[in-house]
Each structure stands twice: as C-alpha cells, then as structure tokens.
$ cat final_7.tsv   # TSV, C-alpha atoms
chain	number	residue	atom	x	y	z
A	294	MET	CA	83.05	57.90	134.48
A	295	SER	CA	80.93	54.86	135.08
A	296	GLY	CA	79.11	53.55	132.04
A	297	LYS	CA	76.28	52.36	134.23
A	298	PHE	CA	73.01	54.12	134.92
A	299	VAL	CA	70.03	53.18	137.10
A	300	VAL	CA	66.50	54.51	136.92
A	301	SER	CA	64.47	53.52	139.96
A	302	LEU	CA	60.74	53.54	139.32
A	303	THR	CA	58.24	53.18	142.17
A	304	ARG	CA	55.08	54.17	140.31
A	305	ALA	CA	52.73	52.58	137.82
A	306	LYS	CA	49.08	53.51	137.27
A	307	ASP	CA	49.18	55.48	140.51
A	308	ASP	CA	51.31	58.05	138.66
A	309	THR	CA	51.48	57.39	134.94
A	310	ASP	CA	53.37	60.64	134.37
A	311	ARG	CA	56.29	59.51	136.50
A	312	ALA	CA	56.19	56.00	135.05
A	313	THR	CA	56.35	57.40	131.53
A	314	VAL	CA	59.09	59.94	132.16
A	315	ALA	CA	61.21	57.29	133.90
A	316	PHE	CA	61.27	55.25	130.71
A	317	VAL	CA	61.85	58.34	128.55
A	318	VAL	CA	64.97	59.08	130.58
A	319	ALA	CA	65.99	55.42	130.55
A	320	ASN	CA	65.74	55.47	126.77
A	321	ALA	CA	67.89	58.58	126.64
A	322	ALA	CA	70.50	56.83	128.78
A	323	VAL	CA	70.53	53.65	126.72
A	324	ALA	CA	70.70	55.73	123.54
A	325	SER	CA	73.76	57.40	125.06
A	326	GLU	CA	75.36	53.97	125.19
A	327	LYS	CA	75.07	53.58	128.93
A	328	ASP	CA	74.57	50.20	130.55
A	329	VAL	CA	71.10	50.93	131.91
A	330	VAL	CA	68.91	49.22	134.47
A	331	VAL	CA	65.35	50.27	135.21
A	332	PHE	CA	64.65	49.01	138.72
A	333	LEU	CA	60.92	48.43	139.11
A	334	ASN	CA	60.01	48.50	142.77
A	335	ILE	CA	57.04	49.26	145.04
A	336	GLU	CA	54.05	49.92	142.73
A	337	GLY	CA	56.38	50.04	139.73
A	338	THR	CA	56.61	46.25	139.80
A	339	ARG	CA	53.16	46.13	138.18
A	340	LEU	CA	54.76	47.36	134.96
A	341	SER	CA	56.56	44.02	134.73
A	342	GLN	CA	53.29	42.33	133.81
A	343	SER	CA	52.46	41.82	130.18
A	344	GLY	CA	49.50	43.94	129.12
A	345	TYR	CA	49.53	46.17	132.19
A	346	ALA	CA	51.03	49.20	130.42
A	347	ASP	CA	48.96	48.83	127.25
A	348	ASP	CA	46.53	51.60	128.15
A	349	ILE	CA	49.04	54.07	129.57
A	350	HIS	CA	49.62	56.95	127.19
A	351	GLU	CA	50.58	60.30	128.65
A	352	SER	CA	49.86	63.36	126.54
A	353	GLY	CA	53.00	64.54	124.79
A	354	PHE	CA	54.80	61.21	125.13
A	355	ALA	CA	54.92	57.95	123.26
A	356	PRO	CA	52.74	55.18	124.73
A	357	LEU	CA	54.43	53.56	127.72
A	358	LYS	CA	54.35	50.12	126.16
A	359	GLU	CA	56.27	51.48	123.19
A	360	LEU	CA	58.82	53.17	125.47
A	361	ILE	CA	59.39	49.95	127.41
A	362	THR	CA	59.73	47.86	124.26
A	363	SER	CA	62.19	50.34	122.74
A	364	PHE	CA	64.23	50.33	125.92
A	365	VAL	CA	64.56	46.56	126.01
A	366	GLU	CA	65.24	46.26	122.29
A	367	ALA	CA	68.05	48.82	122.67
A	368	GLY	CA	69.70	46.63	125.30
A	369	GLY	CA	68.25	48.11	128.48
A	370	LYS	CA	67.66	45.80	131.41
A	371	ILE	CA	64.67	45.70	133.72
A	372	TYR	CA	65.15	44.45	137.27
A	373	VAL	CA	61.98	43.68	139.23
A	374	CYS	CA	62.10	43.84	143.03
A	375	SER	CA	61.42	40.33	144.27
A	376	PRO	CA	59.71	41.11	147.59
A	377	CYS	CA	57.61	43.88	145.99
A	378	PHE	CA	56.57	41.43	143.27
A	379	LYS	CA	55.70	38.77	145.82
A	380	LYS	CA	53.76	41.17	148.03
A	381	ARG	CA	51.48	42.05	145.12
A	382	SER	CA	50.99	38.40	144.08
A	383	LEU	CA	52.11	39.19	140.53
A	384	ASP	CA	52.57	36.44	137.97
A	385	GLU	CA	56.03	35.20	136.91
A	386	ASP	CA	54.50	33.77	133.74
A	387	LYS	CA	53.40	37.25	132.68
A	388	LEU	CA	56.78	38.97	132.84
A	389	ILE	CA	57.42	41.29	129.91
A	390	PRO	CA	60.45	40.56	127.72
A	391	GLY	CA	63.67	41.77	129.31
A	392	ALA	CA	62.31	41.81	132.86
A	393	LYS	CA	64.10	39.82	135.50
A	394	ILE	CA	63.03	39.28	139.10
A	395	VAL	CA	65.93	40.09	141.39
A	396	GLY	CA	66.76	40.60	145.02
A	397	GLY	CA	68.91	43.36	146.44
A	398	ALA	CA	72.28	41.76	145.75
A	399	MET	CA	71.88	42.01	141.99
A	400	LEU	CA	71.21	45.74	142.21
A	401	VAL	CA	73.98	46.28	144.74
A	402	GLU	CA	76.45	44.50	142.47
A	403	PHE	CA	75.39	46.55	139.46
A	404	MET	CA	75.82	49.82	141.36
A	405	SER	CA	78.82	48.86	143.48
A	406	GLU	CA	81.52	50.54	141.43
A	407	GLY	CA	79.76	53.87	141.39
A	408	CYS	CA	76.66	54.45	139.36
A	409	PRO	CA	74.50	57.49	138.73
A	410	SER	CA	70.84	56.96	139.48
A	411	LEU	CA	67.51	58.72	139.22
A	412	SER	CA	64.40	57.87	141.15
A	413	TYR	CA	60.81	58.34	140.03
B	79	MET	CA	79.81	42.97	135.03
B	80	THR	CA	76.41	41.94	136.22
B	81	GLU	CA	75.30	40.02	133.19
B	82	THR	CA	73.53	36.84	134.03
B	83	VAL	CA	76.02	34.03	133.86
B	84	GLN	CA	75.33	30.43	133.14
B	85	LEU	CA	75.37	28.89	136.57
B	86	PRO	CA	77.43	25.80	137.08
B	87	THR	CA	75.01	22.94	137.31
B	88	GLY	CA	75.47	19.48	138.64
B	89	ASN	CA	74.33	16.85	140.99
B	90	SER	CA	72.04	18.43	143.55
B	91	SER	CA	72.93	15.66	146.00
B	92	ALA	CA	76.68	16.43	145.82
B	93	PRO	CA	78.60	16.48	149.13
B	94	PHE	CA	78.06	19.33	151.53
B	95	ASP	CA	78.71	20.14	155.19
B	96	VAL	CA	75.63	22.12	156.11
B	97	GLU	CA	72.15	22.35	154.69
B	98	TRP	CA	69.75	25.24	155.08
B	99	ASP	CA	66.24	25.38	153.73
B	100	ALA	CA	65.50	29.10	153.54
B	101	GLY	CA	61.96	28.48	152.34
B	102	ASP	CA	60.46	31.57	150.74
B	103	LEU	CA	62.90	34.05	152.24
B	104	GLY	CA	64.27	36.47	149.69
B	105	CYS	CA	66.26	39.64	149.12
B	106	GLY	CA	67.88	41.21	152.18
B	107	GLU	CA	66.35	38.84	154.71
B	108	LEU	CA	67.69	35.80	152.90
B	109	LEU	CA	71.12	37.34	152.42
B	110	LEU	CA	71.53	38.45	156.03
B	111	LYS	CA	70.62	35.03	157.39
B	112	LEU	CA	72.84	33.33	154.82
B	113	ARG	CA	75.69	35.63	155.82
B	114	VAL	CA	75.37	34.60	159.47
B	115	ARG	CA	75.58	30.94	158.50
B	116	LEU	CA	78.51	31.36	156.10
B	117	ARG	CA	80.51	33.23	158.71
B	118	THR	CA	80.33	30.27	161.06
B	119	MET	CA	81.66	27.76	158.53
B	120	PRO	CA	84.78	29.04	156.69
B	121	GLY	CA	85.93	26.65	153.98
B	122	LYS	CA	82.86	24.48	154.28
B	123	ILE	CA	80.04	23.92	151.83
B	124	ILE	CA	76.43	24.82	152.43
B	125	ARG	CA	73.58	23.37	150.41
B	126	LEU	CA	71.10	26.23	150.28
B	127	ILE	CA	67.50	25.75	149.27
B	128	ALA	CA	65.92	29.10	148.40
B	129	ARG	CA	62.59	29.16	146.63
B	130	ASP	CA	62.30	32.90	146.19
B	131	ARG	CA	62.33	33.66	142.47
B	132	GLY	CA	64.80	36.48	142.99
B	133	ALA	CA	67.36	34.11	144.50
B	134	ILE	CA	68.20	32.73	141.07
B	135	GLU	CA	69.89	36.01	140.19
B	136	ASP	CA	70.70	37.16	143.69
B	137	ILE	CA	72.74	34.27	145.02
B	138	PRO	CA	75.31	34.38	142.20
B	139	SER	CA	75.53	38.18	142.63
B	140	TYR	CA	75.93	37.83	146.38
B	141	CYS	CA	78.75	35.33	145.92
B	142	ARG	CA	80.55	37.56	143.42
B	143	ILE	CA	80.26	40.56	145.77
B	144	THR	CA	81.35	38.78	148.92
B	145	GLY	CA	83.91	36.27	147.68
B	146	HIS	CA	82.02	33.15	148.71
B	147	GLN	CA	82.23	30.53	145.97
B	148	LEU	CA	79.14	29.33	144.17
B	149	LEU	CA	80.17	25.80	143.31
B	150	ARG	CA	77.04	24.72	141.49
B	151	ALA	CA	73.39	25.45	141.29
B	152	GLU	CA	70.13	24.05	140.12
B	153	PRO	CA	68.18	27.29	139.90
B	154	GLU	CA	64.95	25.66	138.75
B	155	LYS	CA	64.95	23.74	142.05
B	156	GLY	CA	66.25	26.66	144.09
B	157	ILE	CA	69.34	24.68	145.12
B	158	PHE	CA	72.74	26.34	145.51
B	159	PHE	CA	76.04	24.88	146.75
B	160	ILE	CA	78.21	27.60	148.24
B	161	LYS	CA	81.70	27.24	149.69
B	162	ALA	CA	82.19	29.78	152.46
B	163	LYS	CA	85.28	31.93	152.08
B	164	GLY	CA	88.06	31.71	154.60

$ encode --input "final_7.tsv" --output "structure tokens"
Amino acid sequence: MSGKFVVSLTRAKDDTDRATVAFVVANAAVASEKDVVVFLNIEGTRLSQSGYADDIHESGFAPLKELITSFVEAGGKIYVCSPCFKKRSLDEDKLIPGAKIVGGAMLVEFMSEGCPSLSY
Amino acid sequence: MTETVQLPTGNSSAPFDVEWDAGDLGCGELLLKLRVRLRTMPGKIIRLIARDRGAIEDIPSYCRITGHQLLRAEPEKGIFFIKAKG
C-alpha cells in the first residue's frame, strides 16, 4: 500500500468547516506515518498566506492555524496551486512555513505511483 | 520521491541549441508547450526561461516524470537547461 496521501482543499473562509476538517484529516494521516500533501487550490490557496487563518476557529475543533502548524511540524507538506495563487494576486513573501508554490507536475509526480486522496 | 532536490546550478550562459522564453506561463500550459518543443529536438538542449513561481518545483518534477534531463538550473532567475530525451 502506498505510503502517500493527498488532501485536496479548495475552500478557505468561504467554507471554514471544510477547511478545518481537511487539516484534521491531514493531521490524522501524518500521525499515521503517511507521506502527506495538502494541496491548496482554488479558494484554498488563501490559506497559504500568513495571518489569513488566524481568526478561523470552528466549534468543536482546534483553531485552524494550530492545525496547520501541527501538520507542518509533523512533516506534512503543503503544495499551493501556482495558477490559483497567481489569479488571486497572493503574496509569495507571505507564504506560511512549509508551503510551496507548485504547478501540476509536482502533484502528478507525487501521486503517480498510486496515492489515496480526499477532496474538500 | 518528490522531495525537493538541490538543483544543479551553473553558468546560465552555458551552451544550448534552442532557447524559449515562456514568460509567465505556468502549470499545465507551460508543460504542454514545453513538451511540444522537446519532442522536436531529441538529444538537444533547450534553455528555458520560465518566470512562474511554480516552475521552480515543476520543471524538475516534469523532467523526472518524463525522462528529459535537467542539466542545470538557476531557479532564482527562472532559467533551466533541459536535454530532450531521445
């Protein structure tokens, strides 16, 4: 079984519930010793910006900023969709730790040998 | 593995056969147009200029996936030397 795992996240403040649960699941995967990528795309790319998630705290869950920090500190990787990032005129200098702007090839390579994925 | 590797760096004016300034193209659009060019020049070297931020990670991935050889790169300048397979 592949040791890789992808969580695709297309939401940010337009659906904080989905954004939060995506990182909860990503944390579960990284805690299970999977090689995990959270792929931030569409509106989800906004979460790549430092400070953006600071005020997102869904009832019953840890604050999103804490979930993201825990994920990265545990070895999780965050890929940020390059064209989505560009479309929204986001700032490369404000990338959160662990986030990397990538195009499609990086994701394709990561998933190319078979990789479970979830999409939020 | 898809860990970021240290790209080979070197002289950005090293010899090449073809040059293509892809401007701000990125992701699939960049890769498809690059593919067309690489297919026409087996064994030759292209000096690619790609300013999209995602290209820094994407071009090495693309080369690993497809078998084209990334000879050297200066990612901060968006310059990549790729030897087309074949």

$ interface_residues --input "final_7.tsv" --of "chain B" --to "chain A" --cutoff "8 Å" --atoms "all atoms listed in the file" --output "PDB file with C-alpha atoms, in the coordinates of the input"
ATOM      1  CA  MET B  79      79.810  42.970 135.030  1.00  0.00           C
ATOM      2  CA  THR B  80      76.410  41.940 136.220  1.00  0.00           C
ATOM      3  CA  GLY B 104      64.270  36.470 149.690  1.00  0.00           C
ATOM      4  CA  CYS B 105      66.260  39.640 149.120  1.00  0.00           C
ATOM      5  CA  GLY B 106      67.880  41.210 152.180  1.00  0.00           C
ATOM      6  CA  ASP B 130      62.300  32.900 146.190  1.00  0.00           C
ATOM      7  CA  ARG B 131      62.330  33.660 142.470  1.00  0.00           C
ATOM      8  CA  GLY B 132      64.800  36.480 142.990  1.00  0.00           C
ATOM      9  CA  ALA B 133      67.360  34.110 144.500  1.00  0.00           C
ATOM     10  CA  ILE B 134      68.200  32.730 141.070  1.00  0.00           C
ATOM     11  CA  GLU B 135      69.890  36.010 140.190  1.00  0.00           C
ATOM     12  CA  ASP B 136      70.700  37.160 143.690  1.00  0.00           C
ATOM     13  CA  ILE B 137      72.740  34.270 145.020  1.00  0.00           C
ATOM     14  CA  SER B 139      75.530  38.180 142.630  1.00  0.00           C
ATOM     15  CA  TYR B 140      75.930  37.830 146.380  1.00  0.00           C
ATOM     16  CA  ILE B 143      80.260  40.560 145.770  1.00  0.00           C
TER      17      ILE B 143
END

$ residues_near_point --input "final_7.tsv" --point "(68.3, 27.3, 148.5)" --cutoff "6 Å" --atoms "only C-alpha atoms" --output "PyMOL selection string"
chain B and resi 99+126-128+156-158

$ axis_aligned_box --input "final_7.tsv" --around "region 352-368 of chain A" --padding-each-side "6 Å" --output "AutoDock Vina command-line options"
--center_x 59.8 --center_y 55.4 --center_z 125.0 --size_x 31.8 --size_y 30.3 --size_z 17.4

$ residues_near_point --input "final_7.tsv" --point "(66.8, 62.5, 130.6)" --cutoff "12 Å" --atoms "all atoms listed in the file" --output "list in words"
Phe298, Val299, Val300, Thr313, Val314, Ala315, Phe316, Val317, Val318, Ala319, Asn320, Ala321, Ala322, Val323, Ala324, Ser325, Ser410, Leu411, Ser412 and Tyr413 of chain A

$ residues_around --input "final_7.tsv" --residues "Lys122 (chain B)" --least-positions-apart "3" --cutoff "7 Å" --atoms "only C-alpha atoms" --output "number ranges by chain"
B: 95, 119, 161-162

$ write_last_selection --input "final_7.tsv" --atoms "C-alpha atoms" --output "PDB file, in the frame of the given file"
ATOM      1  CA  ASP B  95      78.710  20.140 155.190  1.00  0.00           C
ATOM      2  CA  MET B 119      81.660  27.760 158.530  1.00  0.00           C
ATOM      3  CA  LYS B 161      81.700  27.240 149.690  1.00  0.00           C
ATOM      4  CA  ALA B 162      82.190  29.780 152.460  1.00  0.00           C
TER       5      ALA B 162
END

$ atom_distance --input "final_7.tsv" --atom1 "CA of Asp102 (chain B)" --atom2 "CA of Arg117 (chain B)"
21.6 Å

$ atom_distance --input "final_7.tsv" --atom1 "CA of Leu333 (chain A)" --atom2 "CA of Asp384 (chain A)"
14.7 Å
